[in-house]
file run.cif (mmCIF, C-alpha atoms (C1' of nucleotides))
data_input
#
loop_
_atom_site.label_atom_id
_atom_site.label_comp_id
_atom_site.auth_asym_id
_atom_site.auth_seq_id
_atom_site.Cartn_x
_atom_site.Cartn_y
_atom_site.Cartn_z
CA MET B 1 30.40 5.79 -19.36
CA ALA B 2 26.84 4.75 -20.12
CA PRO B 3 24.55 5.50 -17.20
CA ASP B 4 23.80 2.37 -15.21
CA MET B 5 20.38 0.90 -15.74
CA LEU B 6 18.82 1.66 -12.43
CA PRO B 7 16.58 -1.09 -11.14
CA ASP B 8 12.92 -0.44 -10.58
CA MET B 9 12.81 0.08 -6.85
CA GLN B 10 9.05 0.30 -6.67
CA PRO B 11 8.39 -3.43 -6.03
CA THR B 12 11.08 -3.38 -3.37
CA PHE B 13 9.74 -0.34 -1.55
CA ARG B 14 6.28 -1.85 -1.88
CA ALA B 15 7.44 -5.11 -0.34
CA LEU B 16 9.02 -3.28 2.60
CA ALA B 17 5.86 -1.33 3.37
CA ASP B 18 4.16 -4.18 5.22
CA PRO B 19 5.19 -5.11 8.78
CA THR B 20 4.55 -8.82 8.28
CA ARG B 21 6.86 -8.84 5.29
CA ARG B 22 9.56 -6.98 7.21
CA ASP B 23 9.27 -9.59 9.96
CA ILE B 24 9.58 -12.36 7.42
CA LEU B 25 12.76 -10.81 6.05
CA LYS B 26 14.35 -10.76 9.49
CA MET B 27 13.28 -14.36 10.07
CA LEU B 28 14.87 -15.41 6.81
CA GLY B 29 18.03 -13.71 7.95
CA ALA B 30 18.38 -16.43 10.56
CA GLN B 31 17.78 -19.30 8.15
CA GLU B 32 16.01 -20.14 4.95
CA MET B 33 12.54 -21.53 5.52
CA THR B 34 9.71 -23.29 3.74
CA ILE B 35 6.33 -21.60 3.49
CA ALA B 36 4.96 -23.88 6.17
CA GLU B 37 7.77 -22.88 8.53
CA VAL B 38 7.26 -19.18 7.92
CA SER B 39 3.51 -19.58 8.37
CA GLY B 40 4.10 -21.20 11.76
CA HIS B 41 5.30 -17.85 13.06
CA PHE B 42 2.20 -15.89 12.11
CA ASP B 43 -1.46 -15.91 12.99
CA MET B 44 -2.70 -16.12 9.45
CA THR B 45 -3.25 -18.80 6.84
CA ARG B 46 -0.51 -20.31 4.76
CA ALA B 47 -2.13 -18.79 1.68
CA ALA B 48 -1.77 -15.30 3.13
CA VAL B 49 1.89 -15.92 3.93
CA LYS B 50 2.39 -17.26 0.45
CA LYS B 51 1.08 -13.97 -0.95
CA HIS B 52 3.53 -12.04 1.19
CA LEU B 53 6.36 -14.25 -0.04
CA THR B 54 5.29 -13.55 -3.62
CA VAL B 55 5.43 -9.80 -2.99
CA LEU B 56 8.86 -10.19 -1.39
CA SER B 57 9.99 -12.20 -4.39
CA ASP B 58 8.63 -9.55 -6.76
CA GLY B 59 10.76 -7.06 -4.88
CA GLY B 60 13.78 -9.29 -5.32
CA LEU B 61 14.13 -9.57 -1.55
CA ILE B 62 13.97 -13.36 -1.42
CA THR B 63 14.94 -16.22 -3.66
CA VAL B 64 13.13 -19.55 -3.80
CA ARG B 65 14.88 -22.88 -4.17
CA ALA B 66 12.76 -25.94 -4.90
CA LYS B 67 13.68 -29.28 -3.38
CA GLY B 68 11.14 -32.00 -3.91
CA ARG B 69 7.78 -30.69 -2.85
CA GLU B 70 9.31 -28.05 -0.60
CA ARG B 71 10.27 -24.50 -1.49
CA PHE B 72 13.03 -22.96 0.54
CA ASN B 73 12.76 -19.20 0.78
CA ALA B 74 16.04 -17.41 1.36
CA LEU B 75 16.83 -13.78 2.08
CA ASN B 76 18.41 -11.82 -0.76
CA ALA B 77 19.71 -8.78 1.07
CA ASP B 78 21.40 -7.42 -2.03
CA ALA B 79 18.02 -6.18 -3.19
CA LEU B 80 18.19 -3.67 -0.35
CA ARG B 81 21.15 -1.97 -1.93
CA PRO B 82 19.20 0.35 -4.26
CA VAL B 83 16.95 1.29 -1.37
CA MET B 84 19.90 2.10 0.84
CA ASP B 85 21.43 4.12 -1.95
CA TRP B 86 18.22 6.05 -2.49
CA LEU B 87 17.99 6.82 1.20
CA GLY B 88 21.65 7.72 1.26
CA TRP B 89 20.98 10.74 -0.90
CA PHE B 90 19.31 12.32 2.13
CA ASP B 91 22.41 11.99 4.26
CA GLN B 92 23.22 15.58 3.34
CA PHE B 93 20.23 16.76 5.35
CA TRP B 94 21.04 14.93 8.54
CA ASP B 95 22.42 16.37 11.71
CA ALA B 96 26.17 16.36 12.09
CA ARG B 97 26.21 13.98 15.05
CA LEU B 98 27.57 11.26 12.76
CA GLY B 99 29.93 13.63 11.02
CA ASP B 100 33.00 11.43 11.33
CA LEU B 101 31.32 8.42 9.86
CA LYS B 102 29.64 10.42 7.14
CA SER B 103 32.82 12.01 5.85
CA ALA B 104 34.50 8.62 5.83
CA ILE B 105 31.72 7.21 3.70
CA GLU B 106 31.71 10.15 1.34
CA GLN B 107 35.45 9.94 0.84
CA GLU B 108 35.19 6.24 0.12
CA ASP B 109 32.33 6.75 -2.33
CA THR B 110 33.71 9.72 -4.21
CA HIS B 111 34.10 7.73 -7.43
CA ASN B 112 30.49 6.65 -7.29
CA ASP B 113 28.90 9.74 -8.76
CA MET F 13 20.06 1.71 30.44
CA ALA F 14 16.36 1.56 29.67
CA PRO F 15 15.74 0.37 26.13
CA ASP F 16 15.01 3.25 23.82
CA MET F 17 11.40 3.64 22.82
CA LEU F 18 11.62 2.69 19.20
CA PRO F 19 9.49 4.82 16.94
CA ASP F 20 6.68 3.26 14.95
CA MET F 21 8.30 2.94 11.56
CA GLN F 22 5.16 1.73 9.83
CA PRO F 23 3.85 5.18 8.76
CA THR F 24 7.32 6.01 7.46
CA PHE F 25 7.72 2.83 5.44
CA ARG F 26 4.18 3.34 4.21
CA ALA F 27 4.95 6.88 3.09
CA LEU F 28 8.04 5.72 1.20
CA ALA F 29 6.15 3.03 -0.70
CA ASP F 30 4.68 5.43 -3.25
CA PRO F 31 6.81 6.81 -6.12
CA THR F 32 5.04 10.18 -6.16
CA ARG F 33 5.79 10.64 -2.49
CA ARG F 34 9.43 9.70 -2.99
CA ASP F 35 9.63 12.27 -5.76
CA ILE F 36 8.10 14.89 -3.49
CA LEU F 37 10.70 14.16 -0.83
CA LYS F 38 13.54 14.76 -3.28
CA MET F 39 11.89 17.96 -4.47
CA LEU F 40 11.63 19.22 -0.94
CA GLY F 41 15.31 18.49 -0.53
CA ALA F 42 15.97 21.34 -2.92
CA GLN F 43 13.68 23.80 -1.16
CA GLU F 44 10.56 23.95 0.93
CA MET F 45 7.42 24.40 -1.11
CA THR F 46 3.75 25.21 -0.82
CA ILE F 47 1.15 22.68 -1.88
CA ALA F 48 0.48 24.65 -5.04
CA GLU F 49 4.17 24.58 -5.93
CA VAL F 50 4.45 20.84 -5.36
CA SER F 51 1.29 20.26 -7.37
CA GLY F 52 2.78 22.15 -10.28
CA HIS F 53 5.27 19.32 -10.74
CA PHE F 54 2.70 16.56 -11.06
CA ASP F 55 -0.10 15.65 -13.39
CA MET F 56 -2.72 15.30 -10.68
CA THR F 57 -5.00 17.57 -8.74
CA ARG F 58 -3.90 19.67 -5.79
CA ALA F 59 -6.19 17.61 -3.60
CA ALA F 60 -4.34 14.42 -4.53
CA VAL F 61 -1.00 16.03 -3.77
CA LYS F 62 -2.37 17.26 -0.49
CA LYS F 63 -3.21 13.66 0.43
CA HIS F 64 0.33 12.58 -0.36
CA LEU F 65 1.68 15.38 1.80
CA THR F 66 -0.54 14.22 4.64
CA VAL F 67 0.86 10.70 4.35
CA LEU F 68 4.39 12.09 4.32
CA SER F 69 3.57 14.15 7.39
CA ASP F 70 2.13 11.09 9.14
CA GLY F 71 5.44 9.38 8.47
CA GLY F 72 7.27 12.33 9.98
CA LEU F 73 9.06 12.91 6.70
CA ILE F 74 7.96 16.51 6.27
CA THR F 75 7.08 19.41 8.52
CA VAL F 76 4.56 22.11 7.70
CA ARG F 77 5.00 25.78 8.56
CA ALA F 78 2.04 28.10 8.13
CA LYS F 79 2.57 31.66 6.91
CA GLY F 80 -0.60 33.54 6.12
CA ARG F 81 -2.70 31.45 3.84
CA GLU F 82 0.29 29.46 2.61
CA ARG F 83 1.70 26.24 4.07
CA PHE F 84 5.37 25.62 3.51
CA ASN F 85 6.24 21.94 3.42
CA ALA F 86 9.82 21.13 4.38
CA LEU F 87 11.78 17.91 4.29
CA ASN F 88 12.49 16.26 7.63
CA ALA F 89 15.22 13.81 6.70
CA ASP F 90 15.76 12.76 10.31
CA ALA F 91 12.66 10.59 10.04
CA LEU F 92 14.67 8.39 7.67
CA ARG F 93 17.05 7.46 10.44
CA PRO F 94 15.00 4.58 11.90
CA VAL F 95 14.49 3.24 8.39
CA MET F 96 18.19 3.38 7.67
CA ASP F 97 18.89 1.67 10.96
CA TRP F 98 16.40 -1.06 10.22
CA LEU F 99 17.95 -1.66 6.82
CA GLY F 100 21.40 -1.53 8.35
CA TRP F 101 20.72 -4.76 10.20
CA PHE F 102 20.95 -6.53 6.86
CA ASP F 103 24.47 -5.28 6.20
CA GLN F 104 25.72 -8.56 7.60
CA PHE F 105 24.30 -10.37 4.59
CA TRP F 106 25.83 -8.21 1.91
CA ASP F 107 28.77 -9.04 -0.26
CA ALA F 108 32.17 -8.01 0.99
CA ARG F 109 32.80 -5.45 -1.76
CA LEU F 110 32.30 -2.66 0.76
CA GLY F 111 34.21 -4.50 3.45
CA ASP F 112 36.47 -1.56 4.36
CA LEU F 113 33.57 0.81 4.80
CA LYS F 114 31.49 -1.73 6.67
CA SER F 115 34.10 -2.54 9.27
CA ALA F 116 34.68 1.17 9.82
CA ILE F 117 31.00 1.66 10.51
CA GLU F 118 30.77 -1.32 12.79
CA GLN F 119 33.72 -0.15 14.83
CA GLU F 120 32.22 3.30 15.12
CA ASP F 121 28.83 1.91 16.16
CA THR F 122 29.97 -0.73 18.62
CA HIS F 123 28.41 1.07 21.56
CA ASN F 124 25.07 1.22 19.85
CA ASP F 125 23.85 -2.26 20.75
"C1'" DT R 18 -15.90 45.60 1.34
"C1'" DT R 19 -15.41 42.71 -2.29
"C1'" DG R 20 -13.05 39.47 -4.85
"C1'" DA R 21 -9.31 36.49 -5.82
"C1'" DC R 22 -6.25 33.13 -3.98
"C1'" DG R 23 -4.37 29.12 -1.20
"C1'" DT R 24 -5.81 25.73 1.40
"C1'" DG R 25 -8.81 22.14 4.06
"C1'" DA R 26 -12.21 18.77 3.95
"C1'" DA R 27 -15.78 15.80 2.51
"C1'" DA R 28 -18.17 12.67 -0.65
"C1'" DC R 29 -17.47 9.64 -4.08
"C1'" DC R 30 -15.19 6.08 -7.18
"C1'" DA R 31 -12.14 2.31 -9.17
"C1'" DT R 32 -8.38 -0.40 -8.03
"C1'" DT R 33 -5.26 -2.57 -4.94
"C1'" DT R 34 -4.33 -4.95 -0.81
"C1'" DG R 35 -4.41 -8.33 2.80
"C1'" DG R 36 -6.96 -11.68 4.27
"C1'" DT R 37 -10.09 -16.05 3.85
"C1'" DA R 38 -11.76 -20.73 2.09
"C1'" DT R 39 -11.48 -24.18 -1.26
"C1'" DC R 40 -9.71 -27.15 -4.66
"C1'" DA R 41 -5.95 -29.04 -7.71
"C1'" DT R 42 -1.39 -31.01 -8.22
"C1'" DA R 43 3.12 -32.95 -7.33
"C1'" DT R 44 5.99 -35.53 -4.24
"C1'" DA R 45 7.00 -38.49 -0.14
"C1'" DA R 46 5.84 -42.26 2.68
"C1'" DA R 47 3.15 -46.51 4.17
"C1'" DT C 25 -0.77 -48.29 -4.96
"C1'" DT C 26 -2.73 -45.56 -1.64
"C1'" DT C 27 -2.45 -41.91 1.41
"C1'" DA C 28 -0.50 -37.95 3.58
"C1'" DT C 29 2.05 -33.69 2.90
"C1'" DA C 30 3.67 -29.24 0.83
"C1'" DT C 31 2.58 -26.18 -2.23
"C1'" DG C 32 0.00 -23.54 -6.08
"C1'" DA C 33 -3.96 -21.24 -7.61
"C1'" DT C 34 -8.44 -19.46 -7.77
"C1'" DA C 35 -12.63 -17.09 -6.23
"C1'" DC C 36 -14.24 -14.24 -2.94
"C1'" DC C 37 -14.48 -10.35 0.59
"C1'" DA C 38 -13.74 -6.00 3.43
"C1'" DA C 39 -10.81 -2.33 3.95
"C1'" DA C 40 -7.26 0.72 2.39
"C1'" DT C 41 -5.35 3.47 -1.38
"C1'" DG C 42 -4.95 6.91 -4.89
"C1'" DG C 43 -7.42 9.57 -7.47
"C1'" DT C 44 -11.46 12.96 -8.61
"C1'" DT C 45 -14.99 16.83 -7.91
"C1'" DT C 46 -17.07 20.10 -5.11
"C1'" DC C 47 -17.64 23.33 -1.51
"C1'" DA C 48 -16.31 25.94 2.70
"C1'" DC C 49 -13.02 29.01 4.95
"C1'" DG C 50 -9.28 32.18 6.06
"C1'" DT C 51 -6.19 35.67 4.09
"C1'" DC C 52 -4.42 39.02 0.90
"C1'" DA C 53 -5.22 42.77 -2.43
"C1'" DA C 54 -8.20 46.24 -5.10
#
call {"tool": "encode", "arguments": {"input": "run.cif", "output": "structure tokens"}}
result
Amino acid sequence: MAPDMLPDMQPTFRALADPTRRDILKMLGAQEMTIAEVSGHFDMTRAAVKKHLTVLSDGGLITVRAKGRERFNALNADALRPVMDWLGWFDQFWDARLGDLKSAIEQEDTHND
Amino acid sequence: MAPDMLPDMQPTFRALADPTRRDILKMLGAQEMTIAEVSGHFDMTRAAVKKHLTVLSDGGLITVRAKGRERFNALNADALRPVMDWLGWFDQFWDARLGDLKSAIEQEDTHND
DNA sequence: TTGACGTGAAACCATTTGGTATCATATAAA
DNA sequence: TTTATATGATACCAAATGGTTTCACGTCAA
């Protein structure tokens, strides 16, 4: 049972720390978009949006597919898994108002330690 | 049914974006600590740690209780709730490997829209 | 009362960050 | 082929960030 190589979450947490980037992620949840399309939703230059997309890509949160001269940016929600897991550690300190749900999850995840 | 005032998650996401601060949060999960105690675990000055604690406090992630000349910093895990909720929106894009758990959660949370 | 101790706060510094403008390059269309 | 389009990349800038040092202040103990 070698310990799993845990991914470096830092670029992901970093990517999530900016509100514009969080908005972009939600937008990409609806559909994949080119840089120009994403830029159309914000009051900033395409270059600035491009930088945000690079940070999101560094965090693994989006994937880029090239087609001709266009680049389609798509959400990669799986990159949120390590973040969710990290946050999940703090479940033990929450109020009991979600007790039912919590115990269900813990039972399901018992083998995950 | 007035829409809930959603908290400003930005200071919380910001606070989570730094690895030192994430480490501090986990430390405070074990026990509340003074600044000096927290500082003892890091290779940086007390002043630097104090700044991190301020950022964590701004994000609502810790509470500070004064006793004499000491300040006890305690974890406030409830501030992670909005973050978890925000991330939870992306569940719909995950693989189905947790399908059982997911559907259980969704059923439980149906009234939460 | 006099120190020692724990903390707060300010000034300062290098680096990072989020934005801009500008130019280069590859592809699509006329 | 020529031109328009979509993107990449670079230089530049102001502000924020993460760290330091230094000093002031309240509290506990001799």
call {"tool": "resolve_selection", "arguments": {"input": "run.cif", "expression": "the PyMOL selection byres ((chain R and resi 39) around 12)", "output": "NGL selection string"}}
result
(:B and (47)) or (:R and (37-38 or 40-41)) or (:C and (33-36))
call {"tool": "write_last_selection", "arguments": {"input": "run.cif", "atoms": "C-alpha atoms (C1' of nucleotides)", "output": "mmCIF file, keeping the file's coordinate frame"}}
result
data_model
loop_
_atom_site.group_PDB
_atom_site.id
_atom_site.type_symbol
_atom_site.label_atom_id
_atom_site.label_comp_id
_atom_site.auth_asym_id
_atom_site.auth_seq_id
_atom_site.Cartn_x
_atom_site.Cartn_y
_atom_site.Cartn_z
ATOM 1 C CA ALA B 47 -2.130 -18.790 1.680
ATOM 2 C "C1'" DT R 37 -10.090 -16.050 3.850
ATOM 3 C "C1'" DA R 38 -11.760 -20.730 2.090
ATOM 4 C "C1'" DC R 40 -9.710 -27.150 -4.660
ATOM 5 C "C1'" DA R 41 -5.950 -29.040 -7.710
ATOM 6 C "C1'" DA C 33 -3.960 -21.240 -7.610
ATOM 7 C "C1'" DT C 34 -8.440 -19.460 -7.770
ATOM 8 C "C1'" DA C 35 -12.630 -17.090 -6.230
ATOM 9 C "C1'" DC C 36 -14.240 -14.240 -2.940
#
call {"tool": "residues_around", "arguments": {"input": "run.cif", "residues": "stretch 24-32 of chain R", "least_positions_apart": "5", "cutoff": "9 Å", "atoms": "all atoms listed in the file", "output": "ChimeraX atom specification"}}
result
/F:47,81-83 /C:41-50
call {"tool": "atom_distance", "arguments": {"input": "run.cif", "atom1": "atom CA of B:Val83", "atom2": "atom CA of B:His52"}}
result
19.1 Å
call {"tool": "resolve_selection", "arguments": {"input": "run.cif", "expression": "the PyMOL selection byres ((chain F and resi 51-56) around 10)", "output": "MDAnalysis selection string"}}
result
(chainID F and resid 32 35:36 39 45:50 57:62) or (chainID C and resid 43:44)
call {"tool": "residues_around", "arguments": {"input": "run.cif", "residues": "F:Gly41", "least_positions_apart": "6", "cutoff": "10 Å", "atoms": "only C-alpha atoms (C1' of nucleotides)", "output": "PDB file with C-alpha atoms, in the frame of the given file"}}
result
ATOM      1  CA  TRP B  89      20.980  10.740  -0.900  1.00  0.00           C
ATOM      2  CA  PHE B  90      19.310  12.320   2.130  1.00  0.00           C
ATOM      3  CA  GLN B  92      23.220  15.580   3.340  1.00  0.00           C
ATOM      4  CA  PHE B  93      20.230  16.760   5.350  1.00  0.00           C
TER       5      PHE B  93
ATOM      6  CA  ASP F  35       9.630  12.270  -5.760  1.00  0.00           C
ATOM      7  CA  ALA F  86       9.820  21.130   4.380  1.00  0.00           C
ATOM      8  CA  LEU F  87      11.780  17.910   4.290  1.00  0.00           C
ATOM      9  CA  ASN F  88      12.490  16.260   7.630  1.00  0.00           C
ATOM     10  CA  ALA F  89      15.220  13.810   6.700  1.00  0.00           C
TER      11      ALA F  89
END
call {"tool": "resolve_selection", "arguments": {"input": "run.cif", "expression": "the PyMOL selection byres ((chain B and resi 3-16) around 9)", "output": "short mmCIF file (atom, residue, chain, number, x, y, z; two decimals) with C-alpha atoms, keeping the file's coordinate frame"}}
result
data_model
loop_
_atom_site.label_atom_id
_atom_site.label_comp_id
_atom_site.auth_asym_id
_atom_site.auth_seq_id
_atom_site.Cartn_x
_atom_site.Cartn_y
_atom_site.Cartn_z
CA MET B 1 30.40 5.79 -19.36
CA ALA B 2 26.84 4.75 -20.12
CA ALA B 17 5.86 -1.33 3.37
CA ASP B 18 4.16 -4.18 5.22
CA PRO B 19 5.19 -5.11 8.78
CA ARG B 21 6.86 -8.84 5.29
CA ARG B 22 9.56 -6.98 7.21
CA HIS B 52 3.53 -12.04 1.19
CA VAL B 55 5.43 -9.80 -2.99
CA LEU B 56 8.86 -10.19 -1.39
CA SER B 57 9.99 -12.20 -4.39
CA ASP B 58 8.63 -9.55 -6.76
CA GLY B 59 10.76 -7.06 -4.88
CA GLY B 60 13.78 -9.29 -5.32
CA LEU B 61 14.13 -9.57 -1.55
CA ALA B 79 18.02 -6.18 -3.19
CA LEU B 80 18.19 -3.67 -0.35
CA PRO B 82 19.20 0.35 -4.26
CA VAL B 83 16.95 1.29 -1.37
CA PHE F 25 7.72 2.83 5.44
CA ARG F 26 4.18 3.34 4.21
CA LEU F 28 8.04 5.72 1.20
CA ALA F 29 6.15 3.03 -0.70
CA ASP F 30 4.68 5.43 -3.25
CA PRO F 31 6.81 6.81 -6.12
#
call {"tool": "residues_around", "arguments": {"input": "run.cif", "residues": "C:DA53", "least_positions_apart": "3", "cutoff": "12 Å", "atoms": "only C-alpha atoms (C1' of nucleotides)", "output": "NGL selection string"}}
result
:R and (18-22)
call {"tool": "atom_distance", "arguments": {"input": "run.cif", "atom1": "atom C1' of R:DA43", "atom2": "atom C1' of C:DT26"}}
result
15.0 Å
call {"tool": "atom_distance", "arguments": {"input": "run.cif", "atom1": "atom C1' of R:DA46", "atom2": "atom CA of B:Phe72"}}
result
20.7 Å
call {"tool": "closest_atom_pairs", "arguments": {"input": "run.cif", "of": "chain C", "to": "chain B", "cutoff": "10 Å", "atoms": "all atoms listed in the file", "output": "JSON lines"}}
result
{"residue": "C:DT29", "atom": "C1'", "partner": "B:Arg69", "partner_atom": "CA", "distance": 8.7}
{"residue": "C:DA30", "atom": "C1'", "partner": "B:Arg69", "partner_atom": "CA", "distance": 5.7}
{"residue": "C:DT31", "atom": "C1'", "partner": "B:Arg69", "partner_atom": "CA", "distance": 6.9}
{"residue": "C:DG32", "atom": "C1'", "partner": "B:Ala47", "partner_atom": "CA", "distance": 9.3}
{"residue": "C:DA33", "atom": "C1'", "partner": "B:Ala47", "partner_atom": "CA", "distance": 9.8}
call {"tool": "closest_residue", "arguments": {"input": "run.cif", "among": "F:Lys63, F:Asn85, F:Lys38, F:Ile74", "to": "chain B", "atoms": "only C-alpha atoms"}}
result
F:Lys38
call {"tool": "closest_residue", "arguments": {"input": "run.cif", "among": "B:Ala66, B:Trp86, B:Trp94, B:Asp78", "to": "chain R", "atoms": "only C-alpha atoms (C1' of nucleotides)"}}
result
B:Ala66
